[in-house]
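S.K.: This structure is in structure tokens; I'll ask about it shortly.
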Amino acid sequence: MKVECVVNMTGARFVLDKRRPNPEDEARFNVELNKIPLLFSDDENVMRAYRQFASNPGKITNLYPMMESLTKAVKIIGVVEQQEFERVLRAGEVPE
């Protein structure tokens, strides 16, 4: 369940790109976001990053640490580099 949650969060991370709002992606992102405290309550790093993101969910710079901690927790090596991650979200691009 943890890996599925992280994969789904990674796929829906573009929900923060307000120029291309997609209600289905936003709903999927929020469902997976709400699973994090239940699935990762025993992981201090994930929960710290989750609380930081939850305190200001519209701030892109808070999303990367959470995604990084999630991918490390399930042993998926990185989403993308932080600069690339933020550039893609700001530009509304999909990485190759």
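FYI, nothing fancy with the structure tokens labels: chains A, B, ... in order, residues from 1 per chain, ligands from 1 as they appear.
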What's around segment 63-70 of chain A at 6 Å? Count only C-alpha atoms, leave out sequence neighbours fewer than 2 positions away in its own chain, and write the answer as a list in words.

M.R.: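 Listing them by chain and then by number gives Val46, Ala49, Tyr50, Phe53, Ile60, Thr61, Lys72 and Ala73 of chain A.
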
S.K.: Here is a test: counting only C-alpha atoms, which residue of A:Ile36, A:Lys59, A:Ala54, A:Ser41 is nearest to Val6 of chain A?

M.R.: A:Ile36

S.K.: Which of these residues is nearest to Asn30 of chain A, using only C-alpha atoms: A:Gly58, A:Met9, A:Thr71, A:Asp42?

M.R.: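 Distance minimum relative to Asn30 of chain A lands on A:Met9.
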
S.K.: Near Ala12 of chain A, counting only C-alpha atoms, which residues have an atom at most 12 Å away, once you skip same-chain residues fewer than 5 positions from it, shown as a PyMOL selection string?

M.R.: chain A and resi 5-7+17+21-33+63+67+89+94

S.K.: Could you please take those selected residues and save C-alpha atoms as an mmCIF file, in the first residue's frame?

M.R.:
data_model
loop_
_atom_site.group_PDB
_atom_site.id
_atom_site.type_symbol
_atom_site.label_atom_id
_atom_site.label_comp_id
_atom_site.auth_asym_id
_atom_site.auth_seq_id
_atom_site.Cartn_x
_atom_site.Cartn_y
_atom_site.Cartn_z
ATOM 1 C CA CYS A 5 0.484 5.634 -2.393
ATOM 2 C CA VAL A 6 3.899 7.048 -3.326
ATOM 3 C CA VAL A 7 3.519 6.149 -7.000
ATOM 4 C CA ASP A 17 0.278 23.631 -11.382
ATOM 5 C CA PRO A 21 -6.239 22.482 -13.015
ATOM 6 C CA ASN A 22 -7.528 18.937 -13.323
ATOM 7 C CA PRO A 23 -10.231 17.912 -10.827
ATOM 8 C CA GLU A 24 -9.481 14.189 -11.198
ATOM 9 C CA ASP A 25 -5.783 14.682 -10.445
ATOM 10 C CA GLU A 26 -6.600 16.953 -7.527
ATOM 11 C CA ALA A 27 -8.969 14.376 -6.058
ATOM 12 C CA ARG A 28 -6.432 11.555 -6.514
ATOM 13 C CA PHE A 29 -3.665 13.671 -4.986
ATOM 14 C CA ASN A 30 -5.820 14.509 -1.951
ATOM 15 C CA VAL A 31 -6.856 10.874 -1.423
ATOM 16 C CA GLU A 32 -3.217 9.769 -1.428
ATOM 17 C CA LEU A 33 -2.184 12.739 0.726
ATOM 18 C CA LEU A 63 6.209 19.308 -1.794
ATOM 19 C CA MET A 67 8.064 13.442 -2.038
ATOM 20 C CA LEU A 89 5.798 22.351 -11.703
ATOM 21 C CA VAL A 94 5.933 17.035 -18.199
#

S.K.: DSSP on the backbone, then: every residue of segment 3-61 of chain A marked alpha helix (DSSP H), written as a ChimeraX atom specification.

M.R.: /A:3-11,23-39,44-55,60-61

S.K.: Keeping only C-alpha atoms, write the selected residues to a file as a PDB file, in the first residue's frame.

M.R.:
ATOM      1  CA  VAL A   3       4.441   1.967  -2.669  1.00  0.00           C
ATOM      2  CA  GLU A   4       1.079   2.444  -4.395  1.00  0.00           C
ATOM      3  CA  CYS A   5       0.484   5.634  -2.393  1.00  0.00           C
ATOM      4  CA  VAL A   6       3.899   7.048  -3.326  1.00  0.00           C
ATOM      5  CA  VAL A   7       3.519   6.149  -7.000  1.00  0.00           C
ATOM      6  CA  ASN A   8       0.075   7.766  -7.114  1.00  0.00           C
ATOM      7  CA  MET A   9       1.365  10.891  -5.340  1.00  0.00           C
ATOM      8  CA  THR A  10       4.218  11.126  -7.822  1.00  0.00           C
ATOM      9  CA  GLY A  11       1.840  10.841 -10.759  1.00  0.00           C
ATOM     10  CA  PRO A  23     -10.231  17.912 -10.827  1.00  0.00           C
ATOM     11  CA  GLU A  24      -9.481  14.189 -11.198  1.00  0.00           C
ATOM     12  CA  ASP A  25      -5.783  14.682 -10.445  1.00  0.00           C
ATOM     13  CA  GLU A  26      -6.600  16.953  -7.527  1.00  0.00           C
ATOM     14  CA  ALA A  27      -8.969  14.376  -6.058  1.00  0.00           C
ATOM     15  CA  ARG A  28      -6.432  11.555  -6.514  1.00  0.00           C
ATOM     16  CA  PHE A  29      -3.665  13.671  -4.986  1.00  0.00           C
ATOM     17  CA  ASN A  30      -5.820  14.509  -1.951  1.00  0.00           C
ATOM     18  CA  VAL A  31      -6.856  10.874  -1.423  1.00  0.00           C
ATOM     19  CA  GLU A  32      -3.217   9.769  -1.428  1.00  0.00           C
ATOM     20  CA  LEU A  33      -2.184  12.739   0.726  1.00  0.00           C
ATOM     21  CA  ASN A  34      -4.736  11.711   3.345  1.00  0.00           C
ATOM     22  CA  LYS A  35      -3.293   8.169   3.429  1.00  0.00           C
ATOM     23  CA  ILE A  36       0.179   9.337   4.440  1.00  0.00           C
ATOM     24  CA  PRO A  37      -0.432   9.746   8.204  1.00  0.00           C
ATOM     25  CA  LEU A  38      -1.940   6.262   8.379  1.00  0.00           C
ATOM     26  CA  LEU A  39       0.633   4.469   6.251  1.00  0.00           C
ATOM     27  CA  GLU A  44       9.585  10.406  11.547  1.00  0.00           C
ATOM     28  CA  ASN A  45      11.146  11.869   8.385  1.00  0.00           C
ATOM     29  CA  VAL A  46       8.016  11.352   6.301  1.00  0.00           C
ATOM     30  CA  MET A  47       5.758  12.754   8.998  1.00  0.00           C
ATOM     31  CA  ARG A  48       7.949  15.843   9.469  1.00  0.00           C
ATOM     32  CA  ALA A  49       7.883  16.542   5.724  1.00  0.00           C
ATOM     33  CA  TYR A  50       4.145  15.800   5.609  1.00  0.00           C
ATOM     34  CA  ARG A  51       3.406  18.291   8.382  1.00  0.00           C
ATOM     35  CA  GLN A  52       5.559  20.906   6.653  1.00  0.00           C
ATOM     36  CA  PHE A  53       3.671  20.398   3.387  1.00  0.00           C
ATOM     37  CA  ALA A  54       0.261  20.296   5.099  1.00  0.00           C
ATOM     38  CA  SER A  55       0.967  23.621   6.801  1.00  0.00           C
ATOM     39  CA  ILE A  60       5.933  23.940  -4.221  1.00  0.00           C
ATOM     40  CA  THR A  61       9.114  23.973  -2.161  1.00  0.00           C
TER      41      THR A  61
END
